[in-house]
$ cat my_file30.cif   # mmCIF, C-alpha atoms
data_target
#
loop_
_atom_site.label_atom_id
_atom_site.label_comp_id
_atom_site.auth_asym_id
_atom_site.auth_seq_id
_atom_site.Cartn_x
_atom_site.Cartn_y
_atom_site.Cartn_z
CA MET A 1 112.04 112.12 65.50
CA LYS A 2 112.23 112.08 69.30
CA LEU A 3 114.90 110.92 71.75
CA GLN A 4 113.75 108.83 74.72
CA LEU A 5 116.06 108.21 77.67
CA ALA A 6 115.47 104.79 79.24
CA ILE A 7 116.44 105.10 82.88
CA ASP A 8 117.54 101.67 84.00
CA VAL A 9 119.01 102.35 87.45
CA LEU A 10 117.20 101.11 90.58
CA THR A 11 116.82 104.06 92.93
CA SER A 12 114.71 107.21 92.66
CA GLU A 13 117.72 109.29 93.71
CA GLU A 14 119.89 108.09 90.82
CA ALA A 15 116.98 108.28 88.36
CA LEU A 16 116.14 111.88 89.27
CA VAL A 17 119.79 112.95 89.02
CA LEU A 18 120.18 111.32 85.59
CA ALA A 19 117.03 113.05 84.34
CA LYS A 20 118.23 116.39 85.72
CA LYS A 21 121.62 116.06 84.01
CA THR A 22 120.27 115.12 80.59
CA SER A 23 116.74 116.53 80.28
CA LYS A 24 117.79 119.45 78.08
CA TYR A 25 118.52 116.94 75.29
CA ILE A 26 115.71 114.46 75.92
CA ASP A 27 112.13 114.51 74.60
CA ILE A 28 110.73 111.55 76.54
CA ILE A 29 111.91 110.43 79.98
CA GLU A 30 111.38 106.68 80.51
CA ILE A 31 111.07 105.03 83.91
CA GLY A 32 112.33 101.52 83.05
CA THR A 33 110.60 98.27 84.08
CA PRO A 34 112.97 97.26 86.91
CA LEU A 35 112.91 100.87 88.18
CA ILE A 36 109.10 101.08 88.42
CA LYS A 37 109.01 97.67 90.13
CA HIS A 38 111.72 98.81 92.55
CA GLU A 39 110.38 102.29 93.34
CA GLY A 40 106.65 102.27 92.60
CA VAL A 41 104.33 105.04 91.40
CA ARG A 42 105.72 107.65 93.76
CA LEU A 43 108.64 108.07 91.34
CA ILE A 44 106.17 108.86 88.51
CA SER A 45 104.79 111.79 90.48
CA LEU A 46 108.26 113.03 91.49
CA MET A 47 109.61 112.83 87.94
CA LYS A 48 106.58 114.59 86.45
CA ALA A 49 106.71 117.35 89.07
CA LEU A 50 110.37 117.99 88.26
CA HIS A 51 109.95 117.76 84.46
CA PRO A 52 106.40 118.93 83.74
CA LYS A 53 107.14 119.85 80.11
CA LYS A 54 108.74 116.51 79.18
CA GLU A 55 106.76 113.47 78.12
CA LEU A 56 107.02 110.75 80.75
CA LEU A 57 106.87 107.08 79.74
CA VAL A 58 106.47 104.24 82.22
CA ASP A 59 107.74 100.94 80.80
CA LEU A 60 105.07 98.85 82.51
CA LYS A 61 105.41 95.87 80.11
CA THR A 62 101.89 94.94 81.17
CA MET A 63 100.91 91.27 80.72
CA ASP A 64 97.47 91.30 82.41
CA VAL A 65 94.87 93.82 83.65
CA GLY A 66 95.85 96.31 80.95
CA GLU A 67 93.36 99.00 81.90
CA TYR A 68 94.01 98.72 85.65
CA GLU A 69 97.80 99.10 85.42
CA ALA A 70 97.66 101.91 82.84
CA ASP A 71 95.01 103.79 84.88
CA PHE A 72 97.13 104.20 87.99
CA CYS A 73 100.20 105.26 86.02
CA PHE A 74 98.32 107.90 84.02
CA GLU A 75 96.73 109.14 87.25
CA ALA A 76 100.19 109.48 88.81
CA GLY A 77 101.42 111.61 85.90
CA ALA A 78 102.60 109.30 83.10
CA ASP A 79 101.98 110.41 79.50
CA ILE A 80 102.77 107.07 77.85
CA VAL A 81 102.76 103.45 79.08
CA THR A 82 103.84 100.19 77.46
CA VAL A 83 101.93 96.91 77.18
CA LEU A 84 103.38 93.64 75.88
CA GLY A 85 102.58 92.49 72.36
CA VAL A 86 102.69 88.89 73.67
CA ALA A 87 99.82 89.69 76.07
CA ASP A 88 96.23 88.65 75.41
CA ILE A 89 94.61 91.04 72.94
CA LYS A 90 92.09 92.02 75.67
CA THR A 91 94.98 93.22 77.83
CA ILE A 92 96.33 95.38 75.00
CA GLU A 93 92.81 96.69 74.38
CA GLY A 94 92.48 97.55 78.08
CA ALA A 95 95.65 99.65 78.04
CA ILE A 96 94.37 101.49 74.95
CA VAL A 97 90.98 102.10 76.62
CA SER A 98 92.79 103.63 79.60
CA ALA A 99 94.93 105.84 77.34
CA LYS A 100 91.92 107.17 75.41
CA LYS A 101 90.09 107.82 78.70
CA HIS A 102 93.02 109.91 80.00
CA GLY A 103 94.01 111.54 76.68
CA LYS A 104 97.36 109.70 76.91
CA LYS A 105 99.30 107.16 74.80
CA VAL A 106 100.25 103.46 74.56
CA VAL A 107 103.27 101.69 73.06
CA VAL A 108 102.79 97.99 72.27
CA ASP A 109 106.19 96.40 72.88
CA MET A 110 106.93 93.66 70.33
CA ILE A 111 109.62 91.95 72.44
CA ASN A 112 109.49 88.20 71.71
CA VAL A 113 106.36 88.44 69.49
CA ALA A 114 106.72 85.72 66.84
CA ASP A 115 104.76 87.36 63.99
CA LYS A 116 105.45 91.06 64.54
CA ILE A 117 103.85 92.34 61.33
CA THR A 118 100.49 90.69 62.01
CA ARG A 119 100.47 91.82 65.65
CA ALA A 120 101.47 95.38 64.69
CA LYS A 121 98.57 95.60 62.25
CA GLU A 122 96.13 94.23 64.86
CA VAL A 123 97.14 96.75 67.52
CA ALA A 124 97.18 99.65 65.03
CA GLU A 125 93.58 98.71 64.20
CA LEU A 126 92.72 98.76 67.93
CA GLY A 127 94.06 102.31 68.29
CA ALA A 128 97.55 101.83 69.75
CA ASP A 129 99.70 104.95 69.32
CA TYR A 130 103.05 103.25 68.74
CA VAL A 131 104.58 99.86 68.11
CA GLY A 132 107.86 99.24 69.92
CA ILE A 133 110.64 97.31 68.18
CA HIS A 134 112.67 96.04 71.07
CA SER A 135 115.55 93.66 71.64
CA GLY A 136 115.71 92.97 75.37
CA ILE A 137 118.96 93.20 77.30
CA ASP A 138 119.05 89.41 77.70
CA GLN A 139 118.63 89.19 73.90
CA GLN A 140 121.32 91.82 73.23
CA ASN A 141 123.70 89.79 75.38
CA ALA A 142 122.94 86.86 73.04
CA GLY A 143 123.87 88.99 70.00
CA GLN A 144 120.49 90.33 68.85
CA SER A 145 119.79 93.89 67.66
CA PRO A 146 116.50 95.60 66.73
CA LEU A 147 117.72 96.80 63.32
CA ALA A 148 116.48 93.93 61.13
CA ASP A 149 112.97 94.10 62.65
CA LEU A 150 112.92 97.88 62.35
CA LYS A 151 113.75 97.69 58.64
CA LYS A 152 111.07 95.05 58.07
CA LEU A 153 108.32 96.77 60.06
CA SER A 154 108.99 100.27 58.79
CA LYS A 155 108.13 99.00 55.31
CA ALA A 156 105.22 96.76 56.29
CA VAL A 157 103.14 98.82 58.74
CA ASP A 158 101.76 102.33 58.96
CA ILE A 159 101.90 102.95 62.73
CA PRO A 160 104.63 105.15 64.32
CA LEU A 161 107.58 103.06 65.52
CA VAL A 162 109.63 103.27 68.71
CA VAL A 163 112.97 101.46 68.57
CA ALA A 164 115.00 100.24 71.54
CA GLY A 165 117.80 97.81 72.27
CA GLY A 166 121.42 98.69 72.86
CA ILE A 167 121.42 101.78 70.62
CA ASN A 168 124.57 103.91 70.91
CA LEU A 169 126.53 106.49 68.91
CA ASP A 170 127.99 103.76 66.68
CA THR A 171 124.67 102.19 65.71
CA LEU A 172 122.56 105.36 65.69
CA ASP A 173 122.96 106.30 61.99
CA GLU A 174 121.55 103.00 60.72
CA ILE A 175 118.60 103.33 63.11
CA ILE A 176 117.89 106.94 62.10
CA ALA A 177 117.94 105.96 58.42
CA CYS A 178 114.79 103.87 59.02
CA LYS A 179 112.95 106.98 60.26
CA PRO A 180 111.40 105.70 63.50
CA GLU A 181 109.23 108.15 65.45
CA VAL A 182 111.15 107.59 68.69
CA VAL A 183 114.72 106.38 69.34
CA VAL A 184 115.24 104.94 72.81
CA VAL A 185 118.71 105.10 74.33
CA GLY A 186 119.52 103.64 77.73
CA GLY A 187 122.93 102.39 78.83
CA ALA A 188 124.85 104.40 76.21
CA ILE A 189 123.76 107.52 78.13
CA THR A 190 123.05 106.28 81.67
CA GLY A 191 126.29 104.25 81.79
CA ALA A 192 128.47 107.00 80.30
CA LYS A 193 131.08 108.83 82.36
CA ASN A 194 129.44 112.05 81.20
CA PRO A 195 125.76 111.31 80.44
CA LYS A 196 125.02 114.92 79.45
CA LYS A 197 127.74 114.96 76.81
CA ILE A 198 126.57 111.73 75.16
CA ALA A 199 122.90 112.80 75.35
CA LYS A 200 123.85 116.05 73.59
CA LYS A 201 125.71 114.21 70.80
CA ILE A 202 122.88 111.73 70.24
CA SER A 203 120.29 114.49 70.36
CA LYS A 204 122.17 116.51 67.74
CA LYS A 205 122.15 113.59 65.30
CA ILE A 206 118.43 113.05 65.88
CA ARG A 207 117.58 116.76 65.40
CA LYS A 208 119.53 116.79 62.15
CA ALA A 209 117.56 113.81 60.84
CA SER A 210 114.16 115.21 61.86
CA MET B 1 99.28 71.21 98.71
CA LYS B 2 99.75 74.88 99.63
CA LEU B 3 97.43 77.87 99.59
CA GLN B 4 98.79 81.10 98.12
CA LEU B 5 96.96 84.40 98.64
CA ALA B 6 97.36 86.73 95.66
CA ILE B 7 97.08 90.26 97.02
CA ASP B 8 95.75 92.38 94.20
CA VAL B 9 95.01 95.68 95.93
CA LEU B 10 97.15 98.77 95.20
CA THR B 11 98.33 100.17 98.53
CA SER B 12 100.77 98.79 101.09
CA GLU B 13 98.29 99.63 103.86
CA GLU B 14 95.51 97.47 102.38
CA ALA B 15 97.95 94.69 101.47
CA LEU B 16 99.40 94.49 104.97
CA VAL B 17 95.94 94.47 106.56
CA LEU B 18 94.75 91.67 104.24
CA ALA B 19 97.83 89.60 105.05
CA LYS B 20 97.36 90.18 108.77
CA LYS B 21 93.70 89.10 108.63
CA THR B 22 94.29 85.90 106.66
CA SER B 23 97.87 84.75 107.32
CA LYS B 24 96.85 82.01 109.75
CA TYR B 25 95.32 80.13 106.82
CA ILE B 26 97.84 81.01 104.11
CA ASP B 27 101.11 79.25 103.21
CA ILE B 28 102.41 81.71 100.62
CA ILE B 29 101.71 85.46 100.59
CA GLU B 30 101.82 86.89 97.06
CA ILE B 31 102.50 90.53 96.25
CA GLY B 32 100.64 90.82 92.91
CA THR B 33 102.07 92.44 89.76
CA PRO B 34 100.13 95.73 89.90
CA LEU B 35 100.89 95.97 93.63
CA ILE B 36 104.68 95.64 93.23
CA LYS B 37 104.60 98.17 90.36
CA HIS B 38 102.54 100.53 92.52
CA GLU B 39 104.45 100.17 95.80
CA GLY B 40 107.95 98.96 94.94
CA VAL B 41 110.39 96.77 96.89
CA ARG B 42 109.77 98.50 100.21
CA LEU B 43 106.58 96.48 100.52
CA ILE B 44 108.58 93.25 100.15
CA SER B 45 110.68 94.16 103.20
CA LEU B 46 107.63 95.24 105.22
CA MET B 47 105.67 92.09 104.40
CA LYS B 48 108.60 89.79 105.20
CA ALA B 49 109.29 91.58 108.49
CA LEU B 50 105.66 91.12 109.54
CA HIS B 51 105.39 87.50 108.33
CA PRO B 52 108.89 86.02 108.64
CA LYS B 53 107.64 82.42 108.79
CA LYS B 54 105.48 82.63 105.65
CA GLU B 55 106.82 82.17 102.15
CA LEU B 56 106.66 85.45 100.23
CA LEU B 57 106.14 85.44 96.46
CA VAL B 58 106.57 88.51 94.28
CA ASP B 59 104.65 88.22 91.01
CA LEU B 60 107.26 90.06 88.95
CA LYS B 61 106.11 88.60 85.60
CA THR B 62 109.61 89.39 84.34
CA MET B 63 109.98 89.80 80.56
CA ASP B 64 113.63 90.94 80.40
CA VAL B 65 116.73 91.11 82.65
CA GLY B 66 115.65 88.00 84.53
CA GLU B 67 118.59 87.85 86.90
CA TYR B 68 118.59 91.59 87.66
CA GLU B 69 114.90 91.78 88.63
CA ALA B 70 114.96 88.56 90.66
CA ASP B 71 118.15 89.63 92.48
CA PHE B 72 116.69 92.78 94.01
CA CYS B 73 113.49 91.03 95.08
CA PHE B 74 115.33 88.16 96.79
CA GLU B 75 117.61 90.70 98.46
CA ALA B 76 114.56 92.56 99.78
CA GLY B 77 113.12 89.39 101.32
CA ALA B 78 111.19 87.48 98.65
CA ASP B 79 111.32 83.66 98.71
CA ILE B 80 109.81 83.10 95.26
CA VAL B 81 109.53 85.24 92.11
CA THR B 82 107.77 84.70 88.80
CA VAL B 83 109.13 85.06 85.27
CA LEU B 84 107.05 84.90 82.09
CA GLY B 85 107.04 81.73 80.00
CA VAL B 86 106.68 83.96 76.90
CA ALA B 87 110.00 85.65 77.74
CA ASP B 88 113.25 84.81 75.96
CA ILE B 89 114.73 81.59 77.35
CA LYS B 90 117.79 83.60 78.49
CA THR B 91 115.52 85.74 80.69
CA ILE B 92 114.00 82.64 82.30
CA GLU B 93 117.49 81.22 82.77
CA GLY B 94 118.58 84.49 84.43
CA ALA B 95 115.76 84.30 86.99
CA ILE B 96 116.73 80.70 87.77
CA VAL B 97 120.41 81.66 88.16
CA SER B 98 119.36 84.34 90.65
CA ALA B 99 117.19 81.88 92.59
CA LYS B 100 119.97 79.28 92.86
CA LYS B 101 122.41 82.00 93.96
CA HIS B 102 120.07 83.08 96.78
CA GLY B 103 118.74 79.61 97.71
CA LYS B 104 115.26 80.78 96.60
CA LYS B 105 112.66 79.70 94.00
CA VAL B 106 111.19 80.59 90.59
CA VAL B 107 107.75 80.04 89.06
CA VAL B 108 107.58 80.21 85.27
CA ASP B 109 104.14 81.67 84.49
CA MET B 110 102.61 80.07 81.39
CA ILE B 111 100.12 82.90 80.74
CA ASN B 112 99.61 83.18 76.96
CA VAL B 113 102.29 80.58 76.09
CA ALA B 114 101.12 78.82 72.92
CA ASP B 115 102.76 75.41 73.46
CA LYS B 116 102.69 75.04 77.24
CA ILE B 117 103.85 71.42 77.39
CA THR B 118 107.03 72.07 75.39
CA ARG B 119 107.85 75.22 77.35
CA ALA B 120 107.17 73.50 80.70
CA LYS B 121 109.61 70.71 79.79
CA GLU B 122 112.25 73.24 78.71
CA VAL B 123 112.08 75.25 81.93
CA ALA B 124 112.00 72.11 84.10
CA GLU B 125 115.23 71.07 82.37
CA LEU B 126 116.74 74.51 83.17
CA GLY B 127 115.97 74.07 86.88
CA ALA B 128 112.76 76.07 87.39
CA ASP B 129 111.02 75.12 90.64
CA TYR B 130 107.42 75.47 89.47
CA VAL B 131 105.35 75.98 86.34
CA GLY B 132 102.38 78.31 86.77
CA ILE B 133 99.12 77.54 84.99
CA HIS B 134 97.46 80.91 84.83
CA SER B 135 94.43 82.47 83.21
CA GLY B 136 94.83 86.24 83.47
CA ILE B 137 92.03 88.46 84.74
CA ASP B 138 91.51 89.88 81.24
CA GLN B 139 91.22 86.25 80.04
CA GLN B 140 88.84 85.27 82.86
CA ASN B 141 86.62 88.17 81.84
CA ALA B 142 86.55 86.62 78.36
CA GLY B 143 85.40 83.27 79.83
CA GLN B 144 88.67 81.37 80.21
CA SER B 145 89.65 79.19 83.20
CA PRO B 146 92.91 77.40 84.03
CA LEU B 147 91.29 73.97 84.55
CA ALA B 148 91.74 72.50 81.07
CA ASP B 149 95.43 73.43 80.97
CA LEU B 150 95.94 72.14 84.50
CA LYS B 151 94.46 68.75 83.57
CA LYS B 152 96.63 68.55 80.44
CA LEU B 153 99.89 69.62 82.08
CA SER B 154 99.49 67.58 85.24
CA LYS B 155 99.54 64.47 83.03
CA ALA B 156 102.25 65.62 80.63
CA VAL B 157 104.97 67.11 82.82
CA ASP B 158 106.83 66.22 85.97
CA ILE B 159 107.44 69.66 87.52
CA PRO B 160 105.36 70.97 90.49
CA LEU B 161 102.41 73.06 89.28
CA VAL B 162 101.00 76.32 90.62
CA VAL B 163 97.47 77.11 89.45
CA ALA B 164 95.84 80.54 89.36
CA GLY B 165 92.92 82.26 87.71
CA GLY B 166 89.60 83.09 89.33
CA ILE B 167 89.65 80.11 91.72
CA ASN B 168 86.90 80.24 94.37
CA LEU B 169 84.99 77.90 96.70
CA ASP B 170 82.81 76.71 93.81
CA THR B 171 85.67 75.76 91.50
CA LEU B 172 88.16 74.60 94.14
CA ASP B 173 87.24 70.89 94.20
CA GLU B 174 87.96 70.36 90.52
CA ILE B 175 91.29 72.14 90.88
CA ILE B 176 92.28 70.12 93.96
CA ALA B 177 91.46 66.89 92.14
CA CYS B 178 94.38 67.61 89.73
CA LYS B 179 96.80 67.72 92.70
CA PRO B 180 98.71 70.94 91.97
CA GLU B 181 101.48 71.84 94.42
CA VAL B 182 100.10 75.35 95.02
CA VAL B 183 96.57 76.76 94.65
CA VAL B 184 96.47 80.52 94.20
CA VAL B 185 93.38 82.39 95.33
CA GLY B 186 92.97 86.14 94.89
CA GLY B 187 89.69 87.99 94.57
CA ALA B 188 87.62 85.20 96.19
CA ILE B 189 89.44 86.06 99.45
CA THR B 190 90.58 89.68 99.00
CA GLY B 191 87.18 90.77 97.65
CA ALA B 192 85.14 88.89 100.29
CA LYS B 193 83.20 90.73 103.00
CA ASN B 194 85.05 88.54 105.50
CA PRO B 195 88.40 87.52 103.96
CA LYS B 196 89.44 85.51 107.04
CA LYS B 197 86.31 83.33 106.91
CA ILE B 198 86.75 82.48 103.21
CA ALA B 199 90.50 81.87 103.65
CA LYS B 200 89.70 79.46 106.48
CA LYS B 201 87.15 77.54 104.37
CA ILE B 202 89.48 77.28 101.37
CA SER B 203 92.41 76.31 103.59
CA LYS B 204 90.37 73.53 105.21
CA LYS B 205 89.58 71.97 101.84
CA ILE B 206 93.23 72.16 100.81
CA ARG B 207 94.47 70.60 104.09
CA LYS B 208 92.02 67.75 103.66
CA ALA B 209 93.33 67.04 100.15
CA SER B 210 96.99 67.18 101.14
#
$ encode --input "my_file30.cif" --output "structure tokens"
Amino acid sequence: MKLQLAIDVLTSEEALVLAKKTSKYIDIIEIGTPLIKHEGVRLISLMKALHPKKELLVDLKTMDVGEYEADFCFEAGADIVTVLGVADIKTIEGAIVSAKKHGKKVVVDMINVADKITRAKEVAELGADYVGIHSGIDQQNAGQSPLADLKKLSKAVDIPLVVAGGINLDTLDEIIACKPEVVVVGGAITGAKNPKKIAKKISKKIRKAS
Amino acid sequence: MKLQLAIDVLTSEEALVLAKKTSKYIDIIEIGTPLIKHEGVRLISLMKALHPKKELLVDLKTMDVGEYEADFCFEAGADIVTVLGVADIKTIEGAIVSAKKHGKKVVVDMINVADKITRAKEVAELGADYVGIHSGIDQQNAGQSPLADLKKLSKAVDIPLVVAGGINLDTLDEIIACKPEVVVVGGAITGAKNPKKIAKKISKKIRKAS
């Protein structure tokens, strides 16, 4: 089981400092969607140069031109990109084509997909590396959590799962019990007074469960 | 009726040159989704500084944190942003809240929305400024065009429509006949040997129909 840090600040300076403080405990560094839109691909190259041994995920949430968007992120140094499960299947296929071409990986993010089991099976068949179970921040604010979907999908599908959506030290045990491949933590670490300390605690729980 | 130029190149240099060449004939300059992800908000400020009298749209295609993403684009100089119709309704609402706060505008992009008429009515009720009828590039490559949806929605809903998806000089007349508020042209101008000449021709047809 891996720990992914979702970096949800807006500037490259803050993002690079957060990664520096916590990287010892993190397996995958994520450049979040607002952050990539705010800072652009230059941050991908900077982050990879500073953390060459970590996996680097860019949360593109691609909705069109799947191959085109994935291509330029992989070329800048990303190891994993995301594409939306609600996108046209050709867009998802394009992101997967790009990943295979570069020897890299794709997460299909199931945010707001109505029939998640069917879509997860379709994208597994196409060669996606992971399916992402994800409650958005706007959904978390309305009371949703990814746990119910994680339980359902972990029984129904055979593709590695990434789980994200407001996960913190209090909710971590229930998430870990479902044995996802990757646990994504954002605000619980990036918003902490001492991000390193919280990252260490979360990492310890994940190591123990692996 | 307005003409929007969708700039779908990847570098700020190319984008700024394309805008400079064609701006005389363009009402709305669009920074496309891959371009904002590649270059970040700095391009918004540059483009607005160079074209202060043009409307500037950033094709964010927001899927989460609607208010957060729209906020930083409006603050950088955007006049209009897009949010995905497939997003959670709270995300769409967030983008609209941001637009009202800044005195700016939101397009809800109907790409891949199953029931477009119902969603268009919902977002009109929430205060969205435009609904975007949009066949993605991956969908165009699979033979789709936005015309059928445009015809259907222009009869069924009362909100101004923006139409996009492979529109060129050959298909423009049929699009204009449906009286959308904004016609978006991308590759037909940006991929032309002489972008200014094609922009002028398309603009002339749109002026005549207005």
$ closest_residue --input "my_file30.cif" --among "B:Ile198, B:Ala87, B:Val131, B:Ile26" --to "chain A" --atoms "all atoms listed in the file"
B:Ala87
$ residues_around --input "my_file30.cif" --residues "A:Ala164" --least-positions-apart "4" --cutoff "10 Å" --atoms "only C-alpha atoms" --output "list in words"
Gln4, Ala6, Asp109, Ile111, Gly132, Ile133, His134, Ser135, Gly136, Ile137, Ser145, Pro146, Leu147, Leu150, Ile175, Val182, Val183, Val184, Val185 and Gly186 of chain A
$ interface_residues --input "my_file30.cif" --of "chain B" --to "chain A" --cutoff "10 Å" --atoms "only C-alpha atoms" --output "PyMOL selection string"
chain B and resi 10+33-44+60-70+72-73+76+84+86-94+111-113+135-139+141-142
$ resolve_selection --input "my_file30.cif" --expression "the PyMOL selection byres ((chain B and resi 48) around 12)" --output "PDB file with C-alpha atoms, keeping the file's coordinate frame"
ATOM      1  CA  LEU B  16      99.400  94.490 104.970  1.00  0.00           C
ATOM      2  CA  ALA B  19      97.830  89.600 105.050  1.00  0.00           C
ATOM      3  CA  LYS B  20      97.360  90.180 108.770  1.00  0.00           C
ATOM      4  CA  ILE B  28     102.410  81.710 100.620  1.00  0.00           C
ATOM      5  CA  ILE B  29     101.710  85.460 100.590  1.00  0.00           C
ATOM      6  CA  GLU B  30     101.820  86.890  97.060  1.00  0.00           C
ATOM      7  CA  ILE B  31     102.500  90.530  96.250  1.00  0.00           C
ATOM      8  CA  VAL B  41     110.390  96.770  96.890  1.00  0.00           C
ATOM      9  CA  ARG B  42     109.770  98.500 100.210  1.00  0.00           C
ATOM     10  CA  LEU B  43     106.580  96.480 100.520  1.00  0.00           C
ATOM     11  CA  ILE B  44     108.580  93.250 100.150  1.00  0.00           C
ATOM     12  CA  SER B  45     110.680  94.160 103.200  1.00  0.00           C
ATOM     13  CA  LEU B  46     107.630  95.240 105.220  1.00  0.00           C
ATOM     14  CA  MET B  47     105.670  92.090 104.400  1.00  0.00           C
ATOM     15  CA  ALA B  49     109.290  91.580 108.490  1.00  0.00           C
ATOM     16  CA  LEU B  50     105.660  91.120 109.540  1.00  0.00           C
ATOM     17  CA  HIS B  51     105.390  87.500 108.330  1.00  0.00           C
ATOM     18  CA  PRO B  52     108.890  86.020 108.640  1.00  0.00           C
ATOM     19  CA  LYS B  53     107.640  82.420 108.790  1.00  0.00           C
ATOM     20  CA  LYS B  54     105.480  82.630 105.650  1.00  0.00           C
ATOM     21  CA  GLU B  55     106.820  82.170 102.150  1.00  0.00           C
ATOM     22  CA  LEU B  56     106.660  85.450 100.230  1.00  0.00           C
ATOM     23  CA  LEU B  57     106.140  85.440  96.460  1.00  0.00           C
ATOM     24  CA  VAL B  58     106.570  88.510  94.280  1.00  0.00           C
ATOM     25  CA  CYS B  73     113.490  91.030  95.080  1.00  0.00           C
ATOM     26  CA  PHE B  74     115.330  88.160  96.790  1.00  0.00           C
ATOM     27  CA  GLU B  75     117.610  90.700  98.460  1.00  0.00           C
ATOM     28  CA  ALA B  76     114.560  92.560  99.780  1.00  0.00           C
ATOM     29  CA  GLY B  77     113.120  89.390 101.320  1.00  0.00           C
ATOM     30  CA  ALA B  78     111.190  87.480  98.650  1.00  0.00           C
ATOM     31  CA  ASP B  79     111.320  83.660  98.710  1.00  0.00           C
TER      32      ASP B  79
END
$ residues_near_point --input "my_file30.cif" --point "(101.8, 70.9, 86.3)" --cutoff "9 Å" --atoms "all atoms listed in the file" --output "PyMOL selection string"
chain B and resi 120+130-133+149-163+178-181
$ atom_distance --input "my_file30.cif" --atom1 "atom CA of A:Asn194" --atom2 "atom CA of A:Thr171"
19.0 Å
$ closest_residue --input "my_file30.cif" --among "A:Ser203, A:Thr190, A:Ser12, A:Asn168" --to "A:Asp27" --atoms "only C-alpha atoms"
A:Ser203
$ atom_distance --input "my_file30.cif" --atom1 "atom CA of A:Lys21" --atom2 "atom CA of A:Lys193"
12.0 Å
$ closest_residue --input "my_file30.cif" --among "A:Val9, A:Ala124, A:Ile117, A:Leu3" --to "A:Lys24" --atoms "all atoms listed in the file"
A:Leu3
$ residues_around --input "my_file30.cif" --residues "B:Gly187" --least-positions-apart "6" --cutoff "10 Å" --atoms "only C-alpha atoms" --output "ChimeraX atom specification"
/B:5-9,165-168,195
$ write_last_selection --input "my_file30.cif" --atoms "C-alpha atoms" --output "CSV table (one decimal), in the frame of the given file"
chain,number,residue,atom,x,y,z
B,5,LEU,CA,97.0,84.4,98.6
B,6,ALA,CA,97.4,86.7,95.7
B,7,ILE,CA,97.1,90.3,97.0
B,8,ASP,CA,95.8,92.4,94.2
B,9,VAL,CA,95.0,95.7,95.9
B,165,GLY,CA,92.9,82.3,87.7
B,166,GLY,CA,89.6,83.1,89.3
B,167,ILE,CA,89.6,80.1,91.7
B,168,ASN,CA,86.9,80.2,94.4
B,195,PRO,CA,88.4,87.5,104.0
$ atom_distance --input "my_file30.cif" --atom1 "atom CA of B:Lys104" --atom2 "atom CA of B:Ile80"
6.1 Å
$ closest_residue --input "my_file30.cif" --among "A:Ile96, A:Val108, A:Ala177, A:Ala114" --to "A:Leu126" --atoms "only C-alpha atoms"
A:Ile96
